[in-house]
file entry28.cif (mmCIF, C-alpha atoms)
data_input
#
loop_
_atom_site.label_atom_id
_atom_site.label_comp_id
_atom_site.auth_asym_id
_atom_site.auth_seq_id
_atom_site.Cartn_x
_atom_site.Cartn_y
_atom_site.Cartn_z
CA MET A 1 165.89 163.43 28.33
CA THR A 2 164.74 164.11 31.91
CA ARG A 3 161.33 165.75 32.19
CA ILE A 4 160.91 167.62 35.47
CA LEU A 5 157.57 168.89 36.76
CA ALA A 6 158.21 172.00 38.85
CA ILE A 7 155.71 172.89 41.57
CA SER A 8 155.45 176.09 43.60
CA GLY A 9 153.82 175.80 47.00
CA SER A 10 152.95 179.50 46.86
CA LEU A 11 149.92 180.38 44.75
CA ARG A 12 150.52 184.08 44.31
CA ARG A 13 151.33 185.21 40.83
CA ARG A 14 154.62 186.94 41.63
CA SER A 15 155.74 184.37 44.18
CA TYR A 16 159.48 184.12 44.76
CA ASN A 17 159.18 180.34 44.72
CA ARG A 18 157.56 180.46 41.31
CA GLY A 19 160.40 182.83 40.31
CA LEU A 20 162.91 180.22 41.41
CA LEU A 21 161.24 177.60 39.24
CA ARG A 22 161.14 179.97 36.27
CA ALA A 23 164.89 180.57 36.68
CA ALA A 24 165.44 176.80 36.86
CA ALA A 25 163.45 176.30 33.64
CA GLU A 26 165.27 179.07 31.81
CA HIS A 27 168.66 177.69 32.80
CA ALA A 28 167.87 174.01 32.43
CA PRO A 29 170.93 172.08 31.22
CA GLU A 30 170.89 170.13 27.98
CA GLY A 31 168.82 166.98 28.25
CA VAL A 32 166.56 168.46 30.95
CA GLU A 33 163.12 169.93 30.34
CA ILE A 34 161.36 171.75 33.18
CA GLU A 35 157.64 172.40 33.02
CA ILE A 36 156.00 174.56 35.69
CA LEU A 37 152.66 173.48 37.16
CA GLU A 38 150.27 176.40 36.89
CA ASP A 39 147.09 175.21 38.56
CA LEU A 40 147.87 173.85 42.01
CA GLU A 41 145.23 176.22 43.38
CA SER A 42 142.43 174.21 41.75
CA LEU A 43 143.44 170.90 43.35
CA ALA A 44 140.58 169.50 45.45
CA PRO A 45 141.25 169.04 49.19
CA TYR A 46 142.44 165.62 50.27
CA ASN A 47 139.54 163.59 51.63
CA GLU A 48 139.83 159.83 52.13
CA ASP A 49 136.11 159.44 51.37
CA ARG A 50 136.82 160.60 47.80
CA GLU A 51 139.70 158.21 47.15
CA ASP A 52 137.61 155.73 45.19
CA GLU A 53 136.19 158.40 42.93
CA ARG A 54 138.81 161.09 42.85
CA PRO A 55 137.86 164.61 41.72
CA ALA A 56 138.97 165.49 38.17
CA THR A 57 141.56 167.99 39.44
CA VAL A 58 143.17 165.17 41.43
CA GLU A 59 143.18 162.73 38.51
CA ALA A 60 144.77 165.34 36.26
CA LEU A 61 147.53 166.27 38.70
CA MET A 62 148.32 162.66 39.63
CA ALA A 63 148.64 161.83 35.92
CA ARG A 64 151.09 164.69 35.47
CA ILE A 65 153.15 163.56 38.46
CA GLU A 66 153.20 159.95 37.21
CA ASP A 67 154.17 161.17 33.76
CA ALA A 68 157.11 163.29 35.01
CA ASP A 69 160.55 161.77 35.53
CA ALA A 70 161.18 163.89 38.61
CA LEU A 71 159.69 166.76 40.64
CA LEU A 72 161.22 170.05 41.72
CA ILE A 73 159.20 171.52 44.60
CA ALA A 74 159.75 175.10 45.79
CA THR A 75 157.98 175.90 49.03
CA PRO A 76 157.38 179.10 50.94
CA GLU A 77 156.88 178.96 54.70
CA PHE A 78 153.63 180.21 56.19
CA ASN A 79 153.26 180.10 59.99
CA THR A 80 156.30 177.81 60.39
CA THR A 81 155.30 175.15 57.87
CA MET A 82 154.22 174.35 54.31
CA PRO A 83 151.11 175.74 52.56
CA GLY A 84 147.90 173.74 52.39
CA GLN A 85 147.74 173.05 48.66
CA LEU A 86 151.21 171.51 48.69
CA LYS A 87 150.03 169.28 51.54
CA HIS A 88 146.98 168.22 49.53
CA LEU A 89 149.28 167.30 46.63
CA ILE A 90 151.43 165.15 48.93
CA ASP A 91 148.44 163.50 50.60
CA TRP A 92 146.72 162.61 47.33
CA GLY A 93 150.09 161.55 45.88
CA SER A 94 150.71 159.20 48.82
CA ARG A 95 147.54 157.14 48.34
CA PRO A 96 146.96 154.28 48.04
CA TYR A 97 150.07 153.74 50.20
CA GLY A 98 152.66 151.77 48.29
CA PRO A 99 153.75 151.36 44.67
CA ASP A 100 150.46 152.57 43.17
CA ALA A 101 150.78 156.04 44.73
CA ALA A 102 151.77 158.76 42.25
CA LEU A 103 154.68 159.90 44.42
CA TYR A 104 156.01 156.40 45.09
CA GLY A 105 159.62 156.07 43.91
CA LYS A 106 159.54 159.52 42.29
CA PRO A 107 162.81 161.50 42.56
CA VAL A 108 162.07 164.88 44.16
CA ALA A 109 164.21 167.87 45.07
CA VAL A 110 162.83 170.36 47.60
CA ILE A 111 163.95 173.98 47.64
CA GLY A 112 162.47 177.15 49.06
CA ALA A 113 162.54 180.91 49.31
CA SER A 114 161.20 183.28 51.93
CA MET A 115 161.66 186.85 53.12
CA THR A 116 163.06 185.68 56.47
CA ASP A 117 166.70 184.89 57.26
CA TYR A 118 165.97 181.17 56.97
CA GLY A 119 164.61 180.65 53.46
CA ALA A 120 161.64 178.45 54.38
CA MET A 121 163.93 175.93 56.05
CA TRP A 122 161.30 174.38 58.34
CA ALA A 123 158.68 174.18 55.63
CA GLN A 124 161.23 172.41 53.42
CA ASP A 125 162.02 170.01 56.23
CA HIS A 126 158.33 169.17 56.70
CA VAL A 127 157.86 168.72 52.95
CA ARG A 128 160.84 166.34 52.76
CA LYS A 129 159.59 164.27 55.70
CA ALA A 130 156.07 164.04 54.28
CA LEU A 131 157.38 163.09 50.82
CA GLY A 132 159.65 160.46 52.35
CA ILE A 133 156.74 158.81 54.15
CA ALA A 134 154.75 159.00 50.92
CA GLY A 135 157.45 156.88 49.28
CA ALA A 136 159.15 159.52 47.14
CA ARG A 137 162.93 159.49 46.63
CA VAL A 138 163.85 162.80 48.21
CA ILE A 139 167.29 163.66 46.90
CA ASP A 140 169.98 165.18 49.05
CA ALA A 141 169.83 168.74 47.72
CA GLU A 142 169.48 172.08 49.45
CA LEU A 143 168.57 175.59 48.44
CA SER A 144 167.15 178.02 50.97
CA VAL A 145 166.87 181.49 49.48
CA ALA A 146 166.69 183.81 52.49
CA ARG A 147 165.63 187.50 52.35
CA ALA A 148 164.04 186.77 48.99
CA HIS A 149 162.87 190.38 48.56
CA GLU A 150 166.56 191.33 48.14
CA ARG A 151 167.31 188.57 45.65
CA PHE A 152 164.46 188.91 43.16
CA ASP A 153 163.16 191.88 41.18
CA GLU A 154 159.54 193.02 41.40
CA GLN A 155 158.47 190.49 38.78
CA SER A 156 160.12 187.80 40.94
CA ASN A 157 162.96 187.25 38.50
CA LEU A 158 165.96 185.79 40.33
CA LEU A 159 168.85 188.28 40.42
CA ASP A 160 171.24 186.48 42.77
CA GLU A 161 174.05 184.69 40.92
CA ASP A 162 175.01 182.45 43.85
CA ALA A 163 171.45 181.25 44.29
CA LEU A 164 171.20 180.59 40.54
CA GLU A 165 174.36 178.53 40.64
CA GLN A 166 173.04 176.45 43.57
CA LEU A 167 169.74 176.06 41.76
CA GLU A 168 171.50 174.72 38.66
CA HIS A 169 173.39 172.33 40.90
CA VAL A 170 170.12 171.04 42.39
CA VAL A 171 168.60 170.50 38.93
CA ARG A 172 171.68 168.66 37.68
CA GLY A 173 171.60 166.44 40.79
CA LEU A 174 167.94 165.66 40.25
CA ALA A 175 168.50 164.79 36.57
CA GLU A 176 171.50 162.60 37.46
CA HIS A 177 169.40 160.79 40.04
CA HIS A 178 166.75 160.10 37.42
CA ARG A 179 169.29 158.89 34.85
CA ALA A 180 170.91 156.59 37.41
CA LEU A 181 167.47 155.08 38.12
CA VAL A 182 166.78 154.52 34.43
CA GLU A 183 170.19 152.93 33.89
CA ALA A 184 169.98 150.75 37.01
CA MET B 185 128.39 181.10 78.44
CA THR B 186 131.43 180.01 76.47
CA ARG B 187 130.79 179.28 72.80
CA ILE B 188 133.36 176.94 71.30
CA LEU B 189 133.74 176.32 67.57
CA ALA B 190 135.03 172.78 67.06
CA ILE B 191 137.01 172.01 63.91
CA SER B 192 138.06 168.62 62.55
CA GLY B 193 141.14 168.58 60.34
CA SER B 194 139.92 165.37 58.75
CA LEU B 195 137.22 165.80 56.12
CA ARG B 196 135.91 162.27 56.00
CA ARG B 197 132.42 161.73 57.28
CA ARG B 198 133.24 159.06 59.85
CA SER B 199 136.50 160.64 60.93
CA TYR B 200 137.71 159.76 64.42
CA ASN B 201 138.59 163.41 64.96
CA ARG B 202 135.06 164.45 64.10
CA GLY B 203 133.93 161.71 66.50
CA LEU B 204 136.04 163.27 69.25
CA LEU B 205 134.38 166.64 68.66
CA ARG B 206 130.95 165.07 68.69
CA ALA B 207 131.73 163.44 72.04
CA ALA B 208 132.96 166.80 73.34
CA ALA B 209 129.73 168.49 72.23
CA GLU B 210 127.53 165.79 73.75
CA HIS B 211 129.36 166.00 77.07
CA ALA B 212 129.85 169.76 77.20
CA PRO B 213 129.64 171.02 80.79
CA GLU B 214 127.08 173.57 81.85
CA GLY B 215 127.83 177.01 80.50
CA VAL B 216 129.67 175.64 77.46
CA GLU B 217 128.21 175.28 73.98
CA ILE B 218 130.17 173.41 71.31
CA GLU B 219 129.29 173.80 67.66
CA ILE B 220 131.02 171.62 65.07
CA LEU B 221 132.18 173.20 61.81
CA GLU B 222 130.80 171.15 58.95
CA ASP B 223 132.22 172.74 55.83
CA LEU B 224 136.00 173.06 56.14
CA GLU B 225 136.28 171.22 52.83
CA SER B 226 134.83 174.19 50.93
CA LEU B 227 137.37 176.71 52.28
CA ALA B 228 139.30 178.31 49.40
CA PRO B 229 143.08 177.76 49.35
CA TYR B 230 145.19 180.46 50.99
CA ASN B 231 146.57 182.83 48.39
CA GLU B 232 148.07 186.17 49.36
CA ASP B 233 146.87 187.67 46.06
CA ARG B 234 143.27 187.17 47.24
CA GLU B 235 143.72 188.79 50.65
CA ASP B 236 142.18 192.10 49.60
CA GLU B 237 139.11 190.46 48.14
CA ARG B 238 138.73 187.25 50.08
CA PRO B 239 136.60 184.43 48.65
CA ALA B 240 133.16 184.07 50.27
CA THR B 241 134.12 180.78 51.93
CA VAL B 242 136.99 182.57 53.66
CA GLU B 243 134.84 185.50 54.80
CA ALA B 244 132.26 183.12 56.23
CA LEU B 245 134.76 180.99 58.15
CA MET B 246 136.70 183.97 59.49
CA ALA B 247 133.44 185.48 60.75
CA ARG B 248 132.63 182.24 62.57
CA ILE B 249 136.09 182.14 64.15
CA GLU B 250 135.83 185.78 65.23
CA ASP B 251 132.39 185.12 66.62
CA ALA B 252 133.48 182.10 68.70
CA ASP B 253 134.88 182.51 72.21
CA ALA B 254 137.36 179.69 71.71
CA LEU B 255 138.33 176.95 69.25
CA LEU B 256 138.73 173.22 69.76
CA ILE B 257 140.79 171.74 66.93
CA ALA B 258 141.07 167.97 66.41
CA THR B 259 143.68 166.99 63.87
CA PRO B 260 144.58 163.72 62.20
CA GLU B 261 148.12 163.17 60.96
CA PHE B 262 148.72 162.51 57.28
CA ASN B 263 152.29 161.87 56.15
CA THR B 264 153.75 163.17 59.44
CA THR B 265 151.89 166.48 59.59
CA MET B 266 148.55 168.29 59.50
CA PRO B 267 146.05 168.16 56.61
CA GLY B 268 145.92 170.93 54.00
CA GLN B 269 142.51 172.41 54.79
CA LEU B 270 143.48 172.96 58.42
CA LYS B 271 146.59 174.74 57.19
CA HIS B 272 144.49 176.97 54.92
CA LEU B 273 142.32 177.86 57.93
CA ILE B 274 145.40 178.83 59.96
CA ASP B 275 146.97 180.80 57.11
CA TRP B 276 143.81 182.79 56.35
CA GLY B 277 143.22 183.22 60.09
CA SER B 278 146.73 184.63 60.57
CA ARG B 279 146.32 187.49 58.12
CA PRO B 280 146.69 190.39 58.24
CA TYR B 281 149.38 189.64 60.85
CA GLY B 282 148.46 191.23 64.15
CA PRO B 283 145.27 192.10 66.04
CA ASP B 284 143.04 192.16 62.94
CA ALA B 285 143.67 188.48 62.20
CA ALA B 286 140.75 186.18 63.08
CA LEU B 287 142.97 183.89 65.14
CA TYR B 288 144.71 186.68 67.03
CA GLY B 289 144.21 186.31 70.79
CA LYS B 290 141.75 183.42 70.32
CA PRO B 291 141.98 180.66 72.94
CA VAL B 292 142.53 177.34 71.18
CA ALA B 293 142.95 173.77 72.38
CA VAL B 294 144.50 171.24 70.00
CA ILE B 295 143.77 167.52 70.28
CA GLY B 296 144.07 164.62 67.86
CA ALA B 297 143.34 161.02 67.07
CA SER B 298 145.00 158.56 64.73
CA MET B 299 145.27 154.83 64.15
CA THR B 300 148.98 154.82 65.03
CA ASP B 301 150.50 154.46 68.49
CA TYR B 302 151.07 158.23 68.66
CA GLY B 303 147.68 159.82 68.22
CA ALA B 304 148.66 162.48 65.66
CA MET B 305 151.27 163.89 68.04
CA TRP B 306 153.44 165.54 65.39
CA ALA B 307 150.53 166.99 63.51
CA GLN B 308 149.26 168.46 66.79
CA ASP B 309 152.69 169.92 67.46
CA HIS B 310 152.80 171.57 64.03
CA VAL B 311 149.27 172.92 64.48
CA ARG B 312 150.17 174.43 67.88
CA LYS B 313 153.32 176.07 66.50
CA ALA B 314 151.48 177.50 63.49
CA LEU B 315 148.63 178.80 65.67
CA GLY B 316 151.13 180.36 68.08
CA ILE B 317 152.82 182.28 65.27
CA ALA B 318 149.39 183.31 64.02
CA GLY B 319 148.79 184.96 67.39
CA ALA B 320 146.32 182.49 68.91
CA ARG B 321 146.42 181.64 72.63
CA VAL B 322 147.20 177.95 72.46
CA ILE B 323 146.27 176.53 75.82
CA ASP B 324 148.32 173.93 77.63
CA ALA B 325 146.11 170.89 76.98
CA GLU B 326 146.83 167.48 75.55
CA LEU B 327 144.81 164.63 74.15
CA SER B 328 146.36 162.17 71.73
CA VAL B 329 144.01 159.29 71.04
CA ALA B 330 146.23 156.50 69.73
CA ARG B 331 144.96 153.34 67.95
CA ALA B 332 141.73 155.18 67.31
CA HIS B 333 140.20 152.18 65.50
CA GLU B 334 140.10 150.42 68.90
CA ARG B 335 138.56 153.36 70.74
CA PHE B 336 135.67 154.31 68.47
CA ASP B 337 132.83 152.28 67.01
CA GLU B 338 132.19 152.12 63.27
CA GLN B 339 130.18 155.33 63.33
CA SER B 340 133.18 156.98 65.03
CA ASN B 341 131.44 157.26 68.39
CA LEU B 342 134.01 157.46 71.17
CA LEU B 343 133.89 154.34 73.37
CA ASP B 344 136.96 154.92 75.53
CA GLU B 345 136.09 156.27 78.99
CA ASP B 346 139.61 157.50 79.78
CA ALA B 347 139.80 159.45 76.53
CA LEU B 348 136.37 160.94 77.24
CA GLU B 349 137.49 162.04 80.68
CA GLN B 350 140.62 163.70 79.26
CA LEU B 351 138.50 165.32 76.57
CA GLU B 352 136.14 166.79 79.19
CA HIS B 353 139.20 168.07 81.05
CA VAL B 354 140.46 169.81 77.89
CA VAL B 355 137.07 171.45 77.27
CA ARG B 356 136.83 172.66 80.89
CA GLY B 357 140.35 174.10 80.63
CA LEU B 358 139.48 175.90 77.41
CA ALA B 359 136.31 177.37 78.92
CA GLU B 360 138.17 178.45 82.05
CA HIS B 361 140.79 180.16 79.91
CA HIS B 362 138.05 182.05 78.08
CA ARG B 363 136.31 183.09 81.31
CA ALA B 364 139.61 184.29 82.80
CA LEU B 365 140.15 186.43 79.70
CA VAL B 366 136.67 187.95 79.95
CA GLU B 367 137.10 188.67 83.65
CA ALA B 368 140.60 190.12 83.26
#
call {"tool": "encode", "arguments": {"input": "entry28.cif", "output": "structure tokens"}}
result
Amino acid sequence: MTRILAISGSLRRRSYNRGLLRAAAEHAPEGVEIEILEDLESLAPYNEDREDERPATVEALMARIEDADALLIATPEFNTTMPGQLKHLIDWGSRPYGPDAALYGKPVAVIGASMTDYGAMWAQDHVRKALGIAGARVIDAELSVARAHERFDEQSNLLDEDALEQLEHVVRGLAEHHRALVEA
Amino acid sequence: MTRILAISGSLRRRSYNRGLLRAAAEHAPEGVEIEILEDLESLAPYNEDREDERPATVEALMARIEDADALLIATPEFNTTMPGQLKHLIDWGSRPYGPDAALYGKPVAVIGASMTDYGAMWAQDHVRKALGIAGARVIDAELSVARAHERFDEQSNLLDEDALEQLEHVVRGLAEHHRALVEA
């Protein structure tokens, strides 16, 4: 069994990125369980001064990341890059630098949706780079859902069959990566 | 008089970036007043669902930005890009897109310090791009303080004369930009 923690960089309730993760969870293949993180908004801001006595919201999220076999991160793009709470997650997850960091060695797939023609491409790129430096295993997977308002319904349910197929491909790739690690 | 609000992207107390801003304030030229923002850490995360009824921390910070003639932003670089709270400031400050946004038309200089050989260069670049999209007037000014641990004392007081000179140049440029706007 591969247990994936799915994280939306957008905090709004009807976010397209959250919709993507919901679709991934509903269509998870056998042997894969996807749980969606619901409280990224409460994560305390990254502050090096608080590293020795981390806020409870940080402890809780780091424990969930450590406990998961892999992460599926869906990011929107605000002002050309990723949202702040996702950055806080990466910064907390990168410390202390090295094997004790929650993100270290963790398989992660990064996807994204936006209303533009580019599907949060730059934000995804920044997220991948930051995760890589943090020591995560960023898998070679892509899904940029462009013009999201045409591909989701008003409850942010994914309607687009092609995007769903790509999404299932990403999830399978992530699970395979995890299984290969376990078997190695 | 030009009133500059100075913002450190790093939240730690003895941050080099905060040290840079303190040096800028202490050496402000005549006719320029620099006030350092002390409570970025308390800013609520950007969430589009809360735009119509913004949290009090957002209202307060947006009012201070609107009230300032210009902004001086000093950013560290964490995992190749800017910290989360600075991103929340930009995202809140960009909405609603257009002239009603707090950052719209605001002259801003972006500087940075880090312990690497690059002085938070990429983080600065991302901050400038995000501010530009948000509608701010990002002025053509540069200051990347590399190997910051060698250029500040333990209380993060700036010791490097060259860096101080460049910093004064940036502040003069920012104030001139503001005066030109007022006179235009």
call {"tool": "calpha_fit_and_write", "arguments": {"input": "entry28.cif", "fixed": "chain A", "moving": "chain B", "output": "CSV table (one decimal) with C-alpha atoms, in the frame of the given file"}}
result
chain,number,residue,atom,x,y,z
B,185,MET,CA,165.9,163.4,28.3
B,186,THR,CA,164.7,164.1,31.9
B,187,ARG,CA,161.3,165.8,32.2
B,188,ILE,CA,160.9,167.6,35.5
B,189,LEU,CA,157.6,168.9,36.8
B,190,ALA,CA,158.2,172.0,38.9
B,191,ILE,CA,155.7,172.9,41.6
B,192,SER,CA,155.4,176.1,43.6
B,193,GLY,CA,153.8,175.8,47.0
B,194,SER,CA,153.0,179.5,46.9
B,195,LEU,CA,149.9,180.4,44.8
B,196,ARG,CA,150.5,184.1,44.3
B,197,ARG,CA,151.4,185.2,40.8
B,198,ARG,CA,154.6,186.9,41.6
B,199,SER,CA,155.7,184.4,44.2
B,200,TYR,CA,159.5,184.1,44.8
B,201,ASN,CA,159.2,180.3,44.7
B,202,ARG,CA,157.6,180.5,41.3
B,203,GLY,CA,160.4,182.8,40.3
B,204,LEU,CA,162.9,180.2,41.4
B,205,LEU,CA,161.2,177.6,39.2
B,206,ARG,CA,161.1,180.0,36.3
B,207,ALA,CA,164.9,180.6,36.7
B,208,ALA,CA,165.4,176.8,36.8
B,209,ALA,CA,163.4,176.3,33.6
B,210,GLU,CA,165.3,179.1,31.8
B,211,HIS,CA,168.7,177.7,32.8
B,212,ALA,CA,167.9,174.0,32.4
B,213,PRO,CA,170.9,172.1,31.2
B,214,GLU,CA,170.9,170.1,28.0
B,215,GLY,CA,168.8,167.0,28.2
B,216,VAL,CA,166.6,168.5,30.9
B,217,GLU,CA,163.1,169.9,30.4
B,218,ILE,CA,161.4,171.8,33.2
B,219,GLU,CA,157.6,172.4,33.0
B,220,ILE,CA,156.0,174.6,35.7
B,221,LEU,CA,152.7,173.5,37.2
B,222,GLU,CA,150.3,176.4,36.9
B,223,ASP,CA,147.1,175.2,38.6
B,224,LEU,CA,147.9,173.8,42.0
B,225,GLU,CA,145.2,176.2,43.4
B,226,SER,CA,142.4,174.2,41.8
B,227,LEU,CA,143.4,170.9,43.4
B,228,ALA,CA,140.6,169.5,45.5
B,229,PRO,CA,141.2,169.0,49.2
B,230,TYR,CA,142.4,165.6,50.3
B,231,ASN,CA,139.5,163.6,51.6
B,232,GLU,CA,139.8,159.8,52.1
B,233,ASP,CA,136.1,159.4,51.4
B,234,ARG,CA,136.8,160.6,47.8
B,235,GLU,CA,139.7,158.2,47.1
B,236,ASP,CA,137.6,155.7,45.2
B,237,GLU,CA,136.2,158.4,42.9
B,238,ARG,CA,138.8,161.1,42.8
B,239,PRO,CA,137.9,164.6,41.7
B,240,ALA,CA,139.0,165.5,38.2
B,241,THR,CA,141.6,168.0,39.5
B,242,VAL,CA,143.2,165.2,41.4
B,243,GLU,CA,143.2,162.7,38.5
B,244,ALA,CA,144.8,165.3,36.3
B,245,LEU,CA,147.5,166.3,38.7
B,246,MET,CA,148.3,162.7,39.6
B,247,ALA,CA,148.6,161.8,35.9
B,248,ARG,CA,151.1,164.7,35.5
B,249,ILE,CA,153.1,163.5,38.5
B,250,GLU,CA,153.2,160.0,37.2
B,251,ASP,CA,154.2,161.2,33.8
B,252,ALA,CA,157.1,163.3,35.0
B,253,ASP,CA,160.6,161.8,35.5
B,254,ALA,CA,161.2,163.9,38.6
B,255,LEU,CA,159.7,166.7,40.6
B,256,LEU,CA,161.2,170.0,41.7
B,257,ILE,CA,159.2,171.5,44.6
B,258,ALA,CA,159.8,175.1,45.8
B,259,THR,CA,158.0,175.9,49.0
B,260,PRO,CA,157.4,179.1,50.9
B,261,GLU,CA,156.9,179.0,54.7
B,262,PHE,CA,153.6,180.2,56.2
B,263,ASN,CA,153.3,180.1,60.0
B,264,THR,CA,156.3,177.8,60.4
B,265,THR,CA,155.3,175.1,57.9
B,266,MET,CA,154.2,174.3,54.3
B,267,PRO,CA,151.1,175.7,52.6
B,268,GLY,CA,147.9,173.7,52.4
B,269,GLN,CA,147.7,173.1,48.7
B,270,LEU,CA,151.2,171.5,48.7
B,271,LYS,CA,150.0,169.3,51.5
B,272,HIS,CA,147.0,168.2,49.5
B,273,LEU,CA,149.3,167.3,46.6
B,274,ILE,CA,151.4,165.1,48.9
B,275,ASP,CA,148.4,163.5,50.6
B,276,TRP,CA,146.7,162.6,47.3
B,277,GLY,CA,150.1,161.5,45.9
B,278,SER,CA,150.7,159.2,48.8
B,279,ARG,CA,147.6,157.1,48.3
B,280,PRO,CA,147.0,154.3,48.0
B,281,TYR,CA,150.1,153.7,50.2
B,282,GLY,CA,152.7,151.8,48.3
B,283,PRO,CA,153.7,151.4,44.7
B,284,ASP,CA,150.4,152.6,43.2
B,285,ALA,CA,150.8,156.0,44.7
B,286,ALA,CA,151.8,158.8,42.3
B,287,LEU,CA,154.7,159.9,44.4
B,288,TYR,CA,156.0,156.4,45.1
B,289,GLY,CA,159.6,156.1,43.9
B,290,LYS,CA,159.6,159.5,42.3
B,291,PRO,CA,162.8,161.5,42.5
B,292,VAL,CA,162.1,164.9,44.2
B,293,ALA,CA,164.2,167.9,45.1
B,294,VAL,CA,162.8,170.3,47.6
B,295,ILE,CA,164.0,174.0,47.6
B,296,GLY,CA,162.5,177.2,49.1
B,297,ALA,CA,162.5,180.9,49.3
B,298,SER,CA,161.2,183.3,51.9
B,299,MET,CA,161.7,186.9,53.1
B,300,THR,CA,163.1,185.7,56.5
B,301,ASP,CA,166.7,184.9,57.3
B,302,TYR,CA,166.0,181.2,57.0
B,303,GLY,CA,164.6,180.6,53.5
B,304,ALA,CA,161.6,178.4,54.4
B,305,MET,CA,163.9,175.9,56.1
B,306,TRP,CA,161.3,174.4,58.3
B,307,ALA,CA,158.7,174.2,55.6
B,308,GLN,CA,161.2,172.4,53.4
B,309,ASP,CA,162.0,170.0,56.2
B,310,HIS,CA,158.3,169.2,56.7
B,311,VAL,CA,157.9,168.7,52.9
B,312,ARG,CA,160.9,166.3,52.8
B,313,LYS,CA,159.6,164.3,55.7
B,314,ALA,CA,156.1,164.0,54.3
B,315,LEU,CA,157.4,163.1,50.8
B,316,GLY,CA,159.6,160.5,52.4
B,317,ILE,CA,156.7,158.8,54.1
B,318,ALA,CA,154.7,159.0,50.9
B,319,GLY,CA,157.4,156.9,49.3
B,320,ALA,CA,159.1,159.5,47.1
B,321,ARG,CA,162.9,159.5,46.6
B,322,VAL,CA,163.9,162.8,48.2
B,323,ILE,CA,167.3,163.7,46.9
B,324,ASP,CA,170.0,165.2,49.1
B,325,ALA,CA,169.8,168.8,47.7
B,326,GLU,CA,169.5,172.1,49.5
B,327,LEU,CA,168.6,175.6,48.4
B,328,SER,CA,167.1,178.0,51.0
B,329,VAL,CA,166.9,181.5,49.5
B,330,ALA,CA,166.7,183.8,52.5
B,331,ARG,CA,165.6,187.5,52.3
B,332,ALA,CA,164.0,186.8,49.0
B,333,HIS,CA,162.9,190.4,48.6
B,334,GLU,CA,166.6,191.3,48.1
B,335,ARG,CA,167.3,188.6,45.6
B,336,PHE,CA,164.5,188.9,43.2
B,337,ASP,CA,163.2,191.9,41.2
B,338,GLU,CA,159.5,193.0,41.4
B,339,GLN,CA,158.5,190.5,38.8
B,340,SER,CA,160.1,187.8,40.9
B,341,ASN,CA,163.0,187.3,38.5
B,342,LEU,CA,166.0,185.8,40.3
B,343,LEU,CA,168.9,188.3,40.4
B,344,ASP,CA,171.2,186.5,42.8
B,345,GLU,CA,174.0,184.7,40.9
B,346,ASP,CA,175.0,182.4,43.8
B,347,ALA,CA,171.4,181.3,44.3
B,348,LEU,CA,171.2,180.6,40.5
B,349,GLU,CA,174.4,178.5,40.6
B,350,GLN,CA,173.1,176.5,43.6
B,351,LEU,CA,169.7,176.1,41.8
B,352,GLU,CA,171.5,174.7,38.7
B,353,HIS,CA,173.4,172.3,40.9
B,354,VAL,CA,170.1,171.0,42.4
B,355,VAL,CA,168.6,170.5,38.9
B,356,ARG,CA,171.7,168.7,37.7
B,357,GLY,CA,171.6,166.4,40.8
B,358,LEU,CA,167.9,165.7,40.2
B,359,ALA,CA,168.5,164.8,36.6
B,360,GLU,CA,171.5,162.6,37.5
B,361,HIS,CA,169.4,160.8,40.0
B,362,HIS,CA,166.8,160.1,37.4
B,363,ARG,CA,169.3,158.9,34.8
B,364,ALA,CA,170.9,156.6,37.4
B,365,LEU,CA,167.5,155.1,38.1
B,366,VAL,CA,166.8,154.5,34.4
B,367,GLU,CA,170.2,152.9,33.9
B,368,ALA,CA,170.0,150.7,37.0
call {"tool": "residues_around", "arguments": {"input": "entry28.cif", "residues": "Gly357 (chain B)", "least_positions_apart": "5", "cutoff": "10 Å", "atoms": "all atoms listed in the file", "output": "count of residues only"}}
result
8
call {"tool": "closest_atom_pairs", "arguments": {"input": "entry28.cif", "of": "chain A", "to": "chain B", "cutoff": "9 Å", "atoms": "only C-alpha atoms", "output": "tab-separated table"}}
result
residue	atom	partner	partner_atom	distance
A:Ser10	CA	B:Asn231	CA	7.4
A:Leu11	CA	B:Asn231	CA	5.5
A:Arg12	CA	B:Asp233	CA	5.4
A:Arg13	CA	B:Asp233	CA	7.3
A:Arg14	CA	B:Asp233	CA	9.0
A:Glu41	CA	B:Pro229	CA	6.5
A:Ser42	CA	B:Pro229	CA	8.4
A:Ala44	CA	B:Glu225	CA	8.7
A:Pro45	CA	B:Glu225	CA	6.5
A:Tyr46	CA	B:Gly268	CA	7.4
A:Asn47	CA	B:Leu195	CA	5.5
A:Glu48	CA	B:Arg196	CA	6.0
A:Asp49	CA	B:Arg196	CA	5.4
A:Arg50	CA	B:Arg196	CA	8.4
A:Phe78	CA	B:Asp275	CA	6.7
A:Asn79	CA	B:Ala314	CA	4.7
A:Thr80	CA	B:Ala314	CA	5.7
A:Thr81	CA	B:Ala314	CA	7.2
A:Met82	CA	B:Lys271	CA	8.2
A:Pro83	CA	B:Lys271	CA	6.5
A:Gly84	CA	B:Gly268	CA	3.8
A:Gln85	CA	B:Gly268	CA	6.0
A:Leu86	CA	B:Gly268	CA	7.5
A:Lys87	CA	B:Gly268	CA	5.1
A:His88	CA	B:Gly268	CA	5.3
A:Leu89	CA	B:Gly268	CA	8.9
A:Ile90	CA	B:Asn263	CA	8.0
A:Asp91	CA	B:Phe262	CA	6.8
A:Ser94	CA	B:Asn263	CA	8.0
A:His126	CA	B:Thr265	CA	7.6
A:Lys129	CA	B:Thr264	CA	7.0
A:Ala130	CA	B:Asn263	CA	4.7
A:Leu131	CA	B:Asn263	CA	7.5
A:Gly132	CA	B:Asn263	CA	8.4
A:Ile133	CA	B:Asn263	CA	5.8
A:Ala134	CA	B:Asn263	CA	6.5
